[in-house]
Amino acid sequence: MSEPAASIPVDRTARALYALLDLSKALGSEVDLDALLSVIVEKASSVVEAERTSIFVYDAGRDVLWSHHGQGITTIIELPMGSGIAGDVAKTMRPANVADAYADPRFNREADDRSGFRTRSVIAAPILDSAGKLLGVVQSVNKMTAPRFDEHDETLMGAIASHIAVAMERARLTSSFIEHERMSEALKLASEIQMRMLPPGAVAVGTDTPFELHAFIRPARMVGGDLYDFAANGDRLYFCVGDVSGKGIGSALVMALTKTLFRANVPYYDDVARLTEAVNVRLCEDTGPTIFVTAFCGFLDLRSGLLRFCNAGHDRPFILRADGSAELLQSKPGLALGVVPSFRYSLQELTLREGEALFLYTDGVTEATNRNDELFSIDRLHEALEQSGKASALRLIAGVTESIEHFVEGAPQSDDLTMMCVRYRGSQH
């Protein structure tokens, strides 16, 4: 028969309260979960006057309990849900108070038989989070001052379980916060590295320079899948704009690989279509079947304005005429890179006259969305280009960027934005 609450000795109640107070102090000062649970199992034994206390943590993925901390436990104990007294408490999510462990059919004597320890009485309580989900079980054995645990101990055990739940939830939140901070720092570093891989967005224009070029990129996230590249060598200007499918770290890695492959192979090819094929073969070898890259790549002859280009599934660029008008370049789109290794790309040509330019972009420009889910669209891009068609490459891209920002009205950016303008100024410069 349980001891009436009114007859509980005052000194016993005081000891329990002081032990719970120590638990609260530890909870407020200790952040490390392992250290805190070590304190809790020690204090819990003092609170309910038990010989030993153990904490079993619930592994939701495997649907088992395992001994996280326990006095007298030297090896990890794993319990299936429903096995043993602790397993039954976890399964039913109801506390247990057993006066004679050996007489209870739920009790498993194997641990006692191996260790020589004798379990007499057991008290256990489920550890539940703020949403009522199972975190684990706290279990104390062998009441030291009486034959069994009483109702007062059951109340104290419930308080201990609440303390443990707070500790475990706080530890998980702290761990999540620290991991988030680490990930943010890692992404920030990855973004800096990624941006450093791209050449500076503008080429300084002097009076004798036969071309001007400006490029702009703004990832939707800290790292992105868009890319641009360019390099002038003698009388030839190489340039490229690309867009990797998907978003996040995986796309960023493929972006870096694609940019590197193009730049590494440029010196070995006079034919931009064969260059594109070489990059395609390597991407097919090094990327998975779900990732592909669209790209537009060109070689501009700075003496004649002859542009040889190749389109690998990319959005068609605009030609900006000297009078400021804009029109879509008629080109064969080809297949995106990284899909079919044997695909043969078409070499295409056009001649840029003095003052004419090529405007390249990724679909993040035309698919920029406002708060009404309207797209910026190819028509709005056409209009924005004609408004700034005679401006320098730098000012033209700034004008398009301003048009996009005015259209979206602060709506979150959903895709990477990349633009490049290459203007041929004539061989006499």
# chains A, B, ... in the order shown; residues from 1 in each chain; ligands from 1
call {"tool": "select_by_dssp", "arguments": {"residues": "segment 223-305 of chain A", "states": "strand (DSSP E)", "output": "PyMOL selection string"}}
result
chain A and resi 226-233+236-244+293-301
call {"tool": "residues_around", "arguments": {"residues": "Arg303 of chain A", "least_positions_apart": "6", "cutoff": "8 Å", "atoms": "only C-alpha atoms", "output": "PyMOL selection string"}}
result
chain A and resi 210+235+426-427
call {"tool": "write_last_selection", "arguments": {"atoms": "N, CA and C atoms", "output": "PDB file, in the first residue's frame"}}
result
ATOM      1  N   PRO A 210      38.719  46.970 -79.222  1.00  0.00           N
ATOM      2  CA  PRO A 210      37.721  46.654 -80.261  1.00  0.00           C
ATOM      3  C   PRO A 210      36.397  46.120 -79.706  1.00  0.00           C
ATOM      4  N   ASP A 235      43.480  38.345 -81.148  1.00  0.00           N
ATOM      5  CA  ASP A 235      42.340  38.877 -81.892  1.00  0.00           C
ATOM      6  C   ASP A 235      41.064  38.070 -81.677  1.00  0.00           C
ATOM      7  N   GLY A 426      34.460  47.679 -83.359  1.00  0.00           N
ATOM      8  CA  GLY A 426      35.154  47.856 -84.624  1.00  0.00           C
ATOM      9  C   GLY A 426      36.647  47.697 -84.494  1.00  0.00           C
ATOM     10  N   SER A 427      37.275  47.204 -85.560  1.00  0.00           N
ATOM     11  CA  SER A 427      38.709  46.910 -85.506  1.00  0.00           C
ATOM     12  C   SER A 427      39.581  48.134 -85.427  1.00  0.00           C
TER      13      SER A 427
END
call {"tool": "residues_around", "arguments": {"residues": "Pro267 of chain A", "least_positions_apart": "5", "cutoff": "10 Å", "atoms": "only C-alpha atoms", "output": "list in words"}}
result
Asn233, Tyr238, Phe262 and Leu275 of chain A
call {"tool": "write_last_selection", "arguments": {"atoms": "C-alpha atoms", "output": "short mmCIF file (atom, residue, chain, number, x, y, z; two decimals), in the first residue's frame"}}
result
data_model
loop_
_atom_site.label_atom_id
_atom_site.label_comp_id
_atom_site.auth_asym_id
_atom_site.auth_seq_id
_atom_site.Cartn_x
_atom_site.Cartn_y
_atom_site.Cartn_z
CA ASN A 233 43.57 36.21 -76.51
CA TYR A 238 35.93 33.78 -75.98
CA PHE A 262 35.32 25.39 -70.82
CA LEU A 275 34.84 22.85 -77.79
#
call {"tool": "residues_around", "arguments": {"residues": "Arg395 of chain A", "least_positions_apart": "5", "cutoff": "12 Å", "atoms": "only C-alpha atoms", "output": "PDB file with C-alpha atoms, in the first residue's frame"}}
result
ATOM      1  CA  ALA A 202      33.644  44.146 -66.723  1.00  0.00           C
ATOM      2  CA  GLU A 212      33.417  46.118 -74.494  1.00  0.00           C
ATOM      3  CA  LEU A 213      31.975  43.486 -72.198  1.00  0.00           C
ATOM      4  CA  HIS A 214      30.048  43.502 -68.963  1.00  0.00           C
ATOM      5  CA  ALA A 215      28.660  40.522 -67.034  1.00  0.00           C
ATOM      6  CA  PHE A 216      26.384  40.367 -63.995  1.00  0.00           C
ATOM      7  CA  ALA A 384      13.979  46.936 -71.441  1.00  0.00           C
ATOM      8  CA  LEU A 385      16.777  46.266 -73.938  1.00  0.00           C
ATOM      9  CA  GLN A 387      15.136  51.384 -73.798  1.00  0.00           C
ATOM     10  CA  SER A 388      18.901  51.063 -73.150  1.00  0.00           C
ATOM     11  CA  GLY A 389      20.046  49.675 -76.494  1.00  0.00           C
ATOM     12  CA  LYS A 390      22.556  52.441 -77.247  1.00  0.00           C
ATOM     13  CA  VAL A 400      17.700  45.700 -67.346  1.00  0.00           C
ATOM     14  CA  THR A 401      18.412  44.935 -63.688  1.00  0.00           C
ATOM     15  CA  GLU A 402      16.483  48.034 -62.642  1.00  0.00           C
ATOM     16  CA  MET A 420      26.270  39.416 -70.285  1.00  0.00           C
ATOM     17  CA  CYS A 421      26.582  42.090 -72.941  1.00  0.00           C
TER      18      CYS A 421
END
call {"tool": "atom_distance", "arguments": {"atom1": "atom CA of Phe343 of chain A", "atom2": "atom CA of Thr276 of chain A"}}
result
10.0 Å
call {"tool": "closest_residue", "arguments": {"among": "A:Tyr361, A:Tyr269, A:Phe56, A:Phe376", "to": "Asp416 of chain A", "atoms": "only C-alpha atoms"}}
result
A:Tyr361
call {"tool": "residues_around", "arguments": {"residues": "segment 104-115 of chain A", "least_positions_apart": "4", "cutoff": "8 Å", "atoms": "only C-alpha atoms", "output": "list of chain:residue names"}}
result
A:Ser83, A:Gly84, A:Ile85, A:Asp88, A:Val98, A:Asp100, A:Thr119
call {"tool": "residues_around", "arguments": {"residues": "Asp153 of chain A", "least_positions_apart": "6", "cutoff": "9 Å", "atoms": "only C-alpha atoms", "output": "list in words"}}
result
Val47, Val48, Glu49 and Ile123 of chain A
call {"tool": "select_by_dssp", "arguments": {"residues": "segment 211-372 of chain A", "states": "helix (DSSP H, G or I)", "output": "PDB file with C-alpha atoms, in the first residue's frame"}}
result
ATOM      1  CA  ILE A 249      25.300  22.885 -53.488  1.00  0.00           C
ATOM      2  CA  GLY A 250      25.050  20.181 -56.167  1.00  0.00           C
ATOM      3  CA  SER A 251      24.328  22.702 -58.912  1.00  0.00           C
ATOM      4  CA  ALA A 252      27.090  24.975 -57.638  1.00  0.00           C
ATOM      5  CA  LEU A 253      29.627  22.151 -57.899  1.00  0.00           C
ATOM      6  CA  VAL A 254      28.536  21.364 -61.467  1.00  0.00           C
ATOM      7  CA  MET A 255      28.706  25.082 -62.267  1.00  0.00           C
ATOM      8  CA  ALA A 256      32.336  25.147 -61.088  1.00  0.00           C
ATOM      9  CA  LEU A 257      33.137  22.017 -63.095  1.00  0.00           C
ATOM     10  CA  THR A 258      31.519  23.388 -66.270  1.00  0.00           C
ATOM     11  CA  LYS A 259      33.301  26.738 -66.067  1.00  0.00           C
ATOM     12  CA  THR A 260      36.633  24.980 -65.478  1.00  0.00           C
ATOM     13  CA  LEU A 261      36.121  22.584 -68.395  1.00  0.00           C
ATOM     14  CA  PHE A 262      35.322  25.386 -70.820  1.00  0.00           C
ATOM     15  CA  ARG A 263      38.272  27.536 -69.754  1.00  0.00           C
ATOM     16  CA  ALA A 264      40.713  24.603 -69.756  1.00  0.00           C
ATOM     17  CA  ASN A 265      39.727  23.517 -73.276  1.00  0.00           C
ATOM     18  CA  VAL A 266      39.475  26.940 -74.975  1.00  0.00           C
ATOM     19  CA  PRO A 267      43.180  27.137 -75.994  1.00  0.00           C
ATOM     20  CA  TYR A 268      42.933  23.822 -77.859  1.00  0.00           C
ATOM     21  CA  VAL A 272      33.470  26.470 -80.723  1.00  0.00           C
ATOM     22  CA  ALA A 273      31.142  23.548 -81.558  1.00  0.00           C
ATOM     23  CA  ARG A 274      33.964  21.051 -81.044  1.00  0.00           C
ATOM     24  CA  LEU A 275      34.842  22.846 -77.794  1.00  0.00           C
ATOM     25  CA  THR A 276      31.246  22.399 -76.636  1.00  0.00           C
ATOM     26  CA  GLU A 277      31.352  18.716 -77.552  1.00  0.00           C
ATOM     27  CA  ALA A 278      34.526  18.202 -75.524  1.00  0.00           C
ATOM     28  CA  VAL A 279      32.903  19.784 -72.467  1.00  0.00           C
ATOM     29  CA  ASN A 280      29.749  17.741 -73.014  1.00  0.00           C
ATOM     30  CA  VAL A 281      31.651  14.439 -73.031  1.00  0.00           C
ATOM     31  CA  ARG A 282      33.332  15.214 -69.705  1.00  0.00           C
ATOM     32  CA  LEU A 283      30.103  16.394 -68.095  1.00  0.00           C
ATOM     33  CA  CYS A 284      28.384  13.170 -69.150  1.00  0.00           C
ATOM     34  CA  GLU A 285      31.206  11.248 -67.463  1.00  0.00           C
ATOM     35  CA  ASP A 286      31.361  13.303 -64.262  1.00  0.00           C
ATOM     36  CA  ASP A 363      16.074  32.028 -67.633  1.00  0.00           C
ATOM     37  CA  GLY A 364      16.178  33.617 -64.184  1.00  0.00           C
ATOM     38  CA  VAL A 365      15.808  36.926 -66.035  1.00  0.00           C
ATOM     39  CA  THR A 366      12.681  36.160 -68.063  1.00  0.00           C
TER      40      THR A 366
END
call {"tool": "atom_distance", "arguments": {"atom1": "atom CA of Thr287 of chain A", "atom2": "atom CA of Asp243 of chain A"}}
result
14.5 Å
call {"tool": "atom_distance", "arguments": {"atom1": "atom CA of Gly248 of chain A", "atom2": "atom CA of Ser414 of chain A"}}
result
11.9 Å
call {"tool": "residues_around", "arguments": {"residues": "Arg423 of chain A", "least_positions_apart": "6", "cutoff": "8 Å", "atoms": "only C-alpha atoms", "output": "list of chain:residue names"}}
result
A:Phe211, A:Glu212, A:Leu213, A:Gly355, A:Glu356, A:Ala357, A:Leu358, A:Ala393
call {"tool": "closest_residue", "arguments": {"among": "A:Val241, A:Leu328, A:Met419, A:Ile160", "to": "Asn311 of chain A", "atoms": "only C-alpha atoms"}}
result
A:Val241
call {"tool": "closest_residue", "arguments": {"among": "A:Arg120, A:Phe299, A:Tyr58, A:Leu320", "to": "Lys143 of chain A", "atoms": "only C-alpha atoms"}}
result
A:Arg120
call {"tool": "decode", "arguments": {"residues": "segment 262-298 of chain A", "atoms": "N, CA and C atoms", "output": "PDB file, in the first residue's frame"}}
result
ATOM      1  N   PHE A 262      35.285  24.468 -69.688  1.00  0.00           N
ATOM      2  CA  PHE A 262      35.322  25.386 -70.820  1.00  0.00           C
ATOM      3  C   PHE A 262      36.650  26.124 -70.876  1.00  0.00           C
ATOM      4  N   ARG A 263      37.048  26.724 -69.751  1.00  0.00           N
ATOM      5  CA  ARG A 263      38.272  27.536 -69.754  1.00  0.00           C
ATOM      6  C   ARG A 263      39.501  26.688 -70.069  1.00  0.00           C
ATOM      7  N   ALA A 264      39.546  25.458 -69.532  1.00  0.00           N
ATOM      8  CA  ALA A 264      40.713  24.603 -69.756  1.00  0.00           C
ATOM      9  C   ALA A 264      40.838  24.159 -71.209  1.00  0.00           C
ATOM     10  N   ASN A 265      39.701  24.024 -71.902  1.00  0.00           N
ATOM     11  CA  ASN A 265      39.727  23.517 -73.276  1.00  0.00           C
ATOM     12  C   ASN A 265      39.793  24.602 -74.342  1.00  0.00           C
ATOM     13  N   VAL A 266      39.501  25.849 -73.989  1.00  0.00           N
ATOM     14  CA  VAL A 266      39.475  26.940 -74.975  1.00  0.00           C
ATOM     15  C   VAL A 266      40.756  27.039 -75.796  1.00  0.00           C
ATOM     16  N   PRO A 267      41.955  26.964 -75.195  1.00  0.00           N
ATOM     17  CA  PRO A 267      43.180  27.137 -75.994  1.00  0.00           C
ATOM     18  C   PRO A 267      43.378  26.071 -77.062  1.00  0.00           C
ATOM     19  N   TYR A 268      42.681  24.942 -76.957  1.00  0.00           N
ATOM     20  CA  TYR A 268      42.933  23.822 -77.859  1.00  0.00           C
ATOM     21  C   TYR A 268      41.930  23.728 -79.013  1.00  0.00           C
ATOM     22  N   TYR A 269      41.007  24.663 -79.097  1.00  0.00           N
ATOM     23  CA  TYR A 269      39.973  24.575 -80.134  1.00  0.00           C
ATOM     24  C   TYR A 269      39.805  25.904 -80.863  1.00  0.00           C
ATOM     25  N   ASP A 270      39.711  25.810 -82.189  1.00  0.00           N
ATOM     26  CA  ASP A 270      39.341  26.951 -83.020  1.00  0.00           C
ATOM     27  C   ASP A 270      37.858  26.911 -83.362  1.00  0.00           C
ATOM     28  N   ASP A 271      37.265  25.738 -83.197  1.00  0.00           N
ATOM     29  CA  ASP A 271      35.859  25.528 -83.527  1.00  0.00           C
ATOM     30  C   ASP A 271      35.081  25.452 -82.212  1.00  0.00           C
ATOM     31  N   VAL A 272      34.192  26.409 -81.989  1.00  0.00           N
ATOM     32  CA  VAL A 272      33.470  26.470 -80.723  1.00  0.00           C
ATOM     33  C   VAL A 272      32.502  25.299 -80.559  1.00  0.00           C
ATOM     34  N   ALA A 273      32.014  24.720 -81.659  1.00  0.00           N
ATOM     35  CA  ALA A 273      31.142  23.548 -81.558  1.00  0.00           C
ATOM     36  C   ALA A 273      31.910  22.337 -81.050  1.00  0.00           C
ATOM     37  N   ARG A 274      33.158  22.170 -81.530  1.00  0.00           N
ATOM     38  CA  ARG A 274      33.964  21.051 -81.044  1.00  0.00           C
ATOM     39  C   ARG A 274      34.365  21.271 -79.580  1.00  0.00           C
ATOM     40  N   LEU A 275      34.583  22.520 -79.200  1.00  0.00           N
ATOM     41  CA  LEU A 275      34.842  22.846 -77.794  1.00  0.00           C
ATOM     42  C   LEU A 275      33.653  22.417 -76.932  1.00  0.00           C
ATOM     43  N   THR A 276      32.453  22.750 -77.380  1.00  0.00           N
ATOM     44  CA  THR A 276      31.246  22.399 -76.636  1.00  0.00           C
ATOM     45  C   THR A 276      31.100  20.888 -76.526  1.00  0.00           C
ATOM     46  N   GLU A 277      31.435  20.176 -77.590  1.00  0.00           N
ATOM     47  CA  GLU A 277      31.352  18.716 -77.552  1.00  0.00           C
ATOM     48  C   GLU A 277      32.337  18.130 -76.539  1.00  0.00           C
ATOM     49  N   ALA A 278      33.528  18.696 -76.472  1.00  0.00           N
ATOM     50  CA  ALA A 278      34.526  18.202 -75.524  1.00  0.00           C
ATOM     51  C   ALA A 278      34.034  18.380 -74.083  1.00  0.00           C
ATOM     52  N   VAL A 279      33.439  19.539 -73.810  1.00  0.00           N
ATOM     53  CA  VAL A 279      32.903  19.784 -72.467  1.00  0.00           C
ATOM     54  C   VAL A 279      31.735  18.843 -72.187  1.00  0.00           C
ATOM     55  N   ASN A 280      30.904  18.623 -73.177  1.00  0.00           N
ATOM     56  CA  ASN A 280      29.749  17.741 -73.014  1.00  0.00           C
ATOM     57  C   ASN A 280      30.169  16.316 -72.644  1.00  0.00           C
ATOM     58  N   VAL A 281      31.183  15.799 -73.308  1.00  0.00           N
ATOM     59  CA  VAL A 281      31.651  14.439 -73.031  1.00  0.00           C
ATOM     60  C   VAL A 281      32.077  14.307 -71.576  1.00  0.00           C
ATOM     61  N   ARG A 282      32.847  15.274 -71.084  1.00  0.00           N
ATOM     62  CA  ARG A 282      33.332  15.214 -69.705  1.00  0.00           C
ATOM     63  C   ARG A 282      32.188  15.363 -68.712  1.00  0.00           C
ATOM     64  N   LEU A 283      31.237  16.237 -69.004  1.00  0.00           N
ATOM     65  CA  LEU A 283      30.103  16.394 -68.095  1.00  0.00           C
ATOM     66  C   LEU A 283      29.272  15.117 -68.028  1.00  0.00           C
ATOM     67  N   CYS A 284      29.109  14.441 -69.148  1.00  0.00           N
ATOM     68  CA  CYS A 284      28.384  13.170 -69.150  1.00  0.00           C
ATOM     69  C   CYS A 284      29.103  12.134 -68.285  1.00  0.00           C
ATOM     70  N   GLU A 285      30.426  12.195 -68.259  1.00  0.00           N
ATOM     71  CA  GLU A 285      31.206  11.248 -67.463  1.00  0.00           C
ATOM     72  C   GLU A 285      31.162  11.578 -65.977  1.00  0.00           C
ATOM     73  N   ASP A 286      31.137  12.874 -65.644  1.00  0.00           N
ATOM     74  CA  ASP A 286      31.361  13.303 -64.262  1.00  0.00           C
ATOM     75  C   ASP A 286      30.116  13.724 -63.504  1.00  0.00           C
ATOM     76  N   THR A 287      28.960  13.795 -64.158  1.00  0.00           N
ATOM     77  CA  THR A 287      27.736  14.195 -63.467  1.00  0.00           C
ATOM     78  C   THR A 287      26.686  13.115 -63.587  1.00  0.00           C
ATOM     79  N   GLY A 288      25.668  13.201 -62.729  1.00  0.00           N
ATOM     80  CA  GLY A 288      24.603  12.213 -62.735  1.00  0.00           C
ATOM     81  C   GLY A 288      23.612  12.463 -63.853  1.00  0.00           C
ATOM     82  N   PRO A 289      22.713  11.502 -64.082  1.00  0.00           N
ATOM     83  CA  PRO A 289      21.761  11.605 -65.203  1.00  0.00           C
ATOM     84  C   PRO A 289      20.682  12.660 -64.992  1.00  0.00           C
ATOM     85  N   THR A 290      20.525  13.152 -63.768  1.00  0.00           N
ATOM     86  CA  THR A 290      19.466  14.135 -63.505  1.00  0.00           C
ATOM     87  C   THR A 290      19.958  15.574 -63.631  1.00  0.00           C
ATOM     88  N   ILE A 291      21.253  15.764 -63.858  1.00  0.00           N
ATOM     89  CA  ILE A 291      21.808  17.115 -63.945  1.00  0.00           C
ATOM     90  C   ILE A 291      22.236  17.412 -65.372  1.00  0.00           C
ATOM     91  N   PHE A 292      21.866  18.569 -65.870  1.00  0.00           N
ATOM     92  CA  PHE A 292      22.306  18.997 -67.189  1.00  0.00           C
ATOM     93  C   PHE A 292      22.600  20.489 -67.150  1.00  0.00           C
ATOM     94  N   VAL A 293      23.276  20.965 -68.194  1.00  0.00           N
ATOM     95  CA  VAL A 293      23.710  22.358 -68.253  1.00  0.00           C
ATOM     96  C   VAL A 293      23.343  22.928 -69.615  1.00  0.00           C
ATOM     97  N   THR A 294      22.641  24.040 -69.629  1.00  0.00           N
ATOM     98  CA  THR A 294      22.454  24.764 -70.883  1.00  0.00           C
ATOM     99  C   THR A 294      23.563  25.802 -70.996  1.00  0.00           C
ATOM    100  N   ALA A 295      24.020  26.056 -72.212  1.00  0.00           N
ATOM    101  CA  ALA A 295      25.132  26.992 -72.384  1.00  0.00           C
ATOM    102  C   ALA A 295      25.103  27.610 -73.778  1.00  0.00           C
ATOM    103  N   PHE A 296      25.555  28.836 -73.836  1.00  0.00           N
ATOM    104  CA  PHE A 296      25.779  29.525 -75.111  1.00  0.00           C
ATOM    105  C   PHE A 296      27.232  29.976 -75.090  1.00  0.00           C
ATOM    106  N   CYS A 297      27.982  29.551 -76.107  1.00  0.00           N
ATOM    107  CA  CYS A 297      29.411  29.835 -76.135  1.00  0.00           C
ATOM    108  C   CYS A 297      29.778  30.428 -77.492  1.00  0.00           C
ATOM    109  N   GLY A 298      30.679  31.416 -77.497  1.00  0.00           N
ATOM    110  CA  GLY A 298      31.062  32.049 -78.746  1.00  0.00           C
ATOM    111  C   GLY A 298      32.517  32.442 -78.816  1.00  0.00           C
TER     112      GLY A 298
END
